[in-house]
Amino acid sequence: DLLGSKGLRGLLEEYGIPHITGSYALQLMTWRDLDIYLEQQELSEELFFRLGGKIASRLAPIKMSFRNERIAQTPNLPSGLYWGVYLGDKRKDAWKLDIWAIDSQECKQRLSFTERLIAELTSSRRRKILFIKEACWQDPGYRKTYTSQDIYCAVIEEGIENVDSFKQYMKDKGVSVGKN
């Protein structure tokens, strides 16, 4: 609905090539969070803010946040421009959109990670990932100290089977999972 009838895909296409990725593309959604890479070689900050204004007009978000990771260069984040679009309280089933404007090379690299995960997913791994994500997504540390990618890699690469073993896996990496 957001992409089609509300016109988000068409709007994004005015500014580059949108790629739907993340848990939606992996069929591993446990909450309404849509990740989009907007492939565009040289999108200026001015045009990105113009896009943000059109998103705000079209979707009426309660909040939008901007990041310039071309400057900040935060480890593990794309080198690009970002809109975090909140259409309500995400912990109460409202949508959150993560829109990254990135260049073709960065986009290709990030999409190849998603394609590799898709190739490695089995129905058993999918169930384990969904179970762990469902148990973790409301943890205050989720998205701050660990992410879905940590869960995907733990299950696919390390053979993690359940929430307790995931917590131990992350503890071994120096990250606390869950309320202590």
# chains A, B, ... in the order shown; residues from 1 in each chain; ligands from 1

call {"tool": "select_by_dssp", "arguments": {"residues": "chain A", "states": "alpha helix (DSSP H)", "output": "PyMOL selection string"}}
result
chain A and resi 8-13+22-26+45-59+69-72+104-120+123-136+148-158+163-172

call {"tool": "closest_atom_pairs", "arguments": {"of": "stretch 33-135 of chain A", "to": "stretch 149-165 of chain A", "cutoff": "10 Å", "atoms": "only C-alpha atoms", "output": "tab-separated table"}}
result
residue	atom	partner	partner_atom	distance
A:Phe113	CA	A:Gln149	CA	9.9
A:Thr114	CA	A:Gln149	CA	9.9
A:Leu117	CA	A:Tyr152	CA	7.8
A:Glu120	CA	A:Ile156	CA	6.9
A:Leu121	CA	A:Ile156	CA	7.4
A:Thr122	CA	A:Ile156	CA	9.3
A:Ser124	CA	A:Glu161	CA	9.5
A:Arg125	CA	A:Val155	CA	6.6
A:Arg126	CA	A:Val155	CA	8.9
A:Arg127	CA	A:Glu161	CA	9.6
A:Lys128	CA	A:Glu161	CA	6.1
A:Ile129	CA	A:Tyr152	CA	6.4
A:Leu130	CA	A:Ile151	CA	9.3
A:Phe131	CA	A:Asn162	CA	7.5
A:Ile132	CA	A:Val163	CA	5.3
A:Lys133	CA	A:Ile151	CA	7.2
A:Glu134	CA	A:Val163	CA	9.6
A:Ala135	CA	A:Val163	CA	7.2

call {"tool": "select_by_dssp", "arguments": {"residues": "stretch 18-47 of chain A", "states": "strand (DSSP E or B)", "output": "list of chain:residue names"}}
result
A:Pro18, A:His19, A:Ile20, A:Thr21, A:Asp33, A:Leu34, A:Asp35, A:Ile36, A:Tyr37, A:Leu38, A:Glu39

call {"tool": "residues_around", "arguments": {"residues": "A:Trp95", "least_positions_apart": "5", "cutoff": "9 Å", "atoms": "only C-alpha atoms", "output": "PDB file with C-alpha atoms, in the first residue's frame"}}
result
ATOM      1  CA  TRP A  31       7.308  -5.390  12.691  1.00  0.00           C
ATOM      2  CA  ARG A  32       6.507  -2.702  10.144  1.00  0.00           C
ATOM      3  CA  ASP A  33       9.948  -1.464   9.133  1.00  0.00           C
ATOM      4  CA  LEU A  34      10.625  -0.945   5.447  1.00  0.00           C
ATOM      5  CA  VAL A  85      10.297   8.254   8.456  1.00  0.00           C
ATOM      6  CA  TYR A  86       7.954   7.417  11.334  1.00  0.00           C
ATOM      7  CA  LEU A  87       4.276   7.042  10.480  1.00  0.00           C
ATOM      8  CA  GLY A  88       3.312   6.557  14.142  1.00  0.00           C
ATOM      9  CA  ASP A  89       4.587   4.511  17.073  1.00  0.00           C
ATOM     10  CA  LYS A  90       6.472   1.586  15.526  1.00  0.00           C
TER      11      LYS A  90
END

call {"tool": "residues_around", "arguments": {"residues": "A:Gly7", "least_positions_apart": "3", "cutoff": "12 Å", "atoms": "only C-alpha atoms", "output": "VMD selection string"}}
result
chain A and resid 1 to 4 10 to 14 54 to 55 57 to 59

call {"tool": "atom_distance", "arguments": {"atom1": "atom CA of A:Ala94", "atom2": "atom CA of A:Asp139"}}
result
17.3 Å

call {"tool": "residues_around", "arguments": {"residues": "A:His19", "least_positions_apart": "3", "cutoff": "9 Å", "atoms": "only C-alpha atoms", "output": "number ranges by chain"}}
result
A: 35-39, 107, 111

call {"tool": "write_last_selection", "arguments": {"atoms": "N, CA, C and O atoms", "output": "PDB file, in the first residue's frame"}}
result
ATOM      1  N   ASP A  35      12.898  -1.044   4.615  1.00  0.00           N
ATOM      2  CA  ASP A  35      14.225  -0.545   4.261  1.00  0.00           C
ATOM      3  C   ASP A  35      14.311  -0.366   2.745  1.00  0.00           C
ATOM      4  O   ASP A  35      14.006  -1.290   1.993  1.00  0.00           O
ATOM      5  N   ILE A  36      14.752   0.818   2.351  1.00  0.00           N
ATOM      6  CA  ILE A  36      14.835   1.146   0.927  1.00  0.00           C
ATOM      7  C   ILE A  36      16.185   1.795   0.638  1.00  0.00           C
ATOM      8  O   ILE A  36      16.587   2.739   1.318  1.00  0.00           O
ATOM      9  N   TYR A  37      16.861   1.267  -0.384  1.00  0.00           N
ATOM     10  CA  TYR A  37      18.047   1.932  -0.915  1.00  0.00           C
ATOM     11  C   TYR A  37      17.614   2.672  -2.168  1.00  0.00           C
ATOM     12  O   TYR A  37      17.008   2.083  -3.065  1.00  0.00           O
ATOM     13  N   LEU A  38      17.920   3.949  -2.212  1.00  0.00           N
ATOM     14  CA  LEU A  38      17.642   4.763  -3.381  1.00  0.00           C
ATOM     15  C   LEU A  38      18.967   4.951  -4.112  1.00  0.00           C
ATOM     16  O   LEU A  38      19.816   5.730  -3.688  1.00  0.00           O
ATOM     17  N   GLU A  39      19.136   4.179  -5.176  1.00  0.00           N
ATOM     18  CA  GLU A  39      20.392   4.210  -5.932  1.00  0.00           C
ATOM     19  C   GLU A  39      20.438   5.477  -6.776  1.00  0.00           C
ATOM     20  O   GLU A  39      19.582   5.696  -7.634  1.00  0.00           O
ATOM     21  N   CYS A 107      25.317   0.555  -3.259  1.00  0.00           N
ATOM     22  CA  CYS A 107      24.056  -0.170  -3.416  1.00  0.00           C
ATOM     23  C   CYS A 107      24.316  -1.617  -3.819  1.00  0.00           C
ATOM     24  O   CYS A 107      23.738  -2.547  -3.238  1.00  0.00           O
ATOM     25  N   LEU A 111      23.190  -4.754  -1.573  1.00  0.00           N
ATOM     26  CA  LEU A 111      22.215  -5.698  -2.123  1.00  0.00           C
ATOM     27  C   LEU A 111      22.803  -7.099  -2.251  1.00  0.00           C
ATOM     28  O   LEU A 111      22.081  -8.087  -2.108  1.00  0.00           O
TER      29      LEU A 111
END

call {"tool": "residues_around", "arguments": {"residues": "A:Pro78", "least_positions_apart": "3", "cutoff": "10 Å", "atoms": "only C-alpha atoms", "output": "NGL selection string"}}
result
:A and (37 or 68-70 or 73-75 or 81-82 or 100-103 or 106-107 or 109-110)

call {"tool": "write_last_selection", "arguments": {"atoms": "N, CA and C atoms", "output": "short mmCIF file (atom, residue, chain, number, x, y, z; two decimals), in the first residue's frame"}}
result
data_model
loop_
_atom_site.label_atom_id
_atom_site.label_comp_id
_atom_site.auth_asym_id
_atom_site.auth_seq_id
_atom_site.Cartn_x
_atom_site.Cartn_y
_atom_site.Cartn_z
N TYR A 37 16.86 1.27 -0.38
CA TYR A 37 18.05 1.93 -0.92
C TYR A 37 17.61 2.67 -2.17
N ASN A 68 23.45 12.58 7.52
CA ASN A 68 24.36 12.69 6.40
C ASN A 68 25.56 11.81 6.72
N GLU A 69 25.49 10.57 6.28
CA GLU A 69 26.56 9.61 6.53
C GLU A 69 27.69 9.74 5.51
N ARG A 70 27.54 10.63 4.55
CA ARG A 70 28.68 10.97 3.69
C ARG A 70 29.73 11.69 4.54
N GLN A 73 30.11 9.12 8.49
CA GLN A 73 30.81 7.86 8.24
C GLN A 73 30.79 6.93 9.45
N THR A 74 29.60 6.71 9.99
CA THR A 74 29.42 5.80 11.11
C THR A 74 29.71 4.37 10.66
N PRO A 75 30.52 3.63 11.41
CA PRO A 75 30.81 2.24 11.02
C PRO A 75 29.53 1.42 10.82
N LEU A 81 22.89 9.53 2.23
CA LEU A 81 21.93 10.38 2.92
C LEU A 81 20.76 9.52 3.38
N TYR A 82 20.19 9.86 4.53
CA TYR A 82 19.19 9.00 5.16
C TYR A 82 17.99 9.79 5.64
N TRP A 100 17.68 5.23 2.30
CA TRP A 100 19.09 5.59 2.12
C TRP A 100 19.35 5.93 0.66
N ALA A 101 19.81 7.15 0.40
CA ALA A 101 20.27 7.52 -0.94
C ALA A 101 21.77 7.21 -0.99
N ILE A 102 22.12 6.23 -1.82
CA ILE A 102 23.52 5.78 -1.90
C ILE A 102 23.92 5.62 -3.36
N ASP A 103 25.23 5.62 -3.60
CA ASP A 103 25.70 5.48 -4.98
C ASP A 103 25.62 4.01 -5.43
N GLU A 106 27.95 1.35 -3.62
CA GLU A 106 27.48 1.03 -2.27
C GLU A 106 26.21 0.19 -2.34
N CYS A 107 25.32 0.55 -3.26
CA CYS A 107 24.06 -0.17 -3.42
C CYS A 107 24.32 -1.62 -3.82
N GLN A 109 26.97 -3.44 -3.35
CA GLN A 109 27.57 -4.15 -2.22
C GLN A 109 26.52 -4.53 -1.19
N ARG A 110 25.65 -3.61 -0.85
CA ARG A 110 24.63 -3.87 0.18
C ARG A 110 23.59 -4.86 -0.31
#

call {"tool": "closest_residue", "arguments": {"among": "A:Ser112, A:Gln41, A:Ile17, A:Phe49", "to": "A:Ser79", "atoms": "only C-alpha atoms"}}
result
A:Gln41

call {"tool": "closest_residue", "arguments": {"among": "A:Ala56, A:Arg9, A:Ser123, A:Gln40", "to": "A:Lys108", "atoms": "only C-alpha atoms"}}
result
A:Gln40

call {"tool": "closest_residue", "arguments": {"among": "A:Leu47, A:Leu97, A:Ala60, A:Met29", "to": "A:Trp137", "atoms": "only C-alpha atoms"}}
result
A:Met29

call {"tool": "closest_residue", "arguments": {"among": "A:Ser104, A:Thr145, A:Asn76, A:Ser23", "to": "A:Lys171", "atoms": "only C-alpha atoms"}}
result
A:Thr145
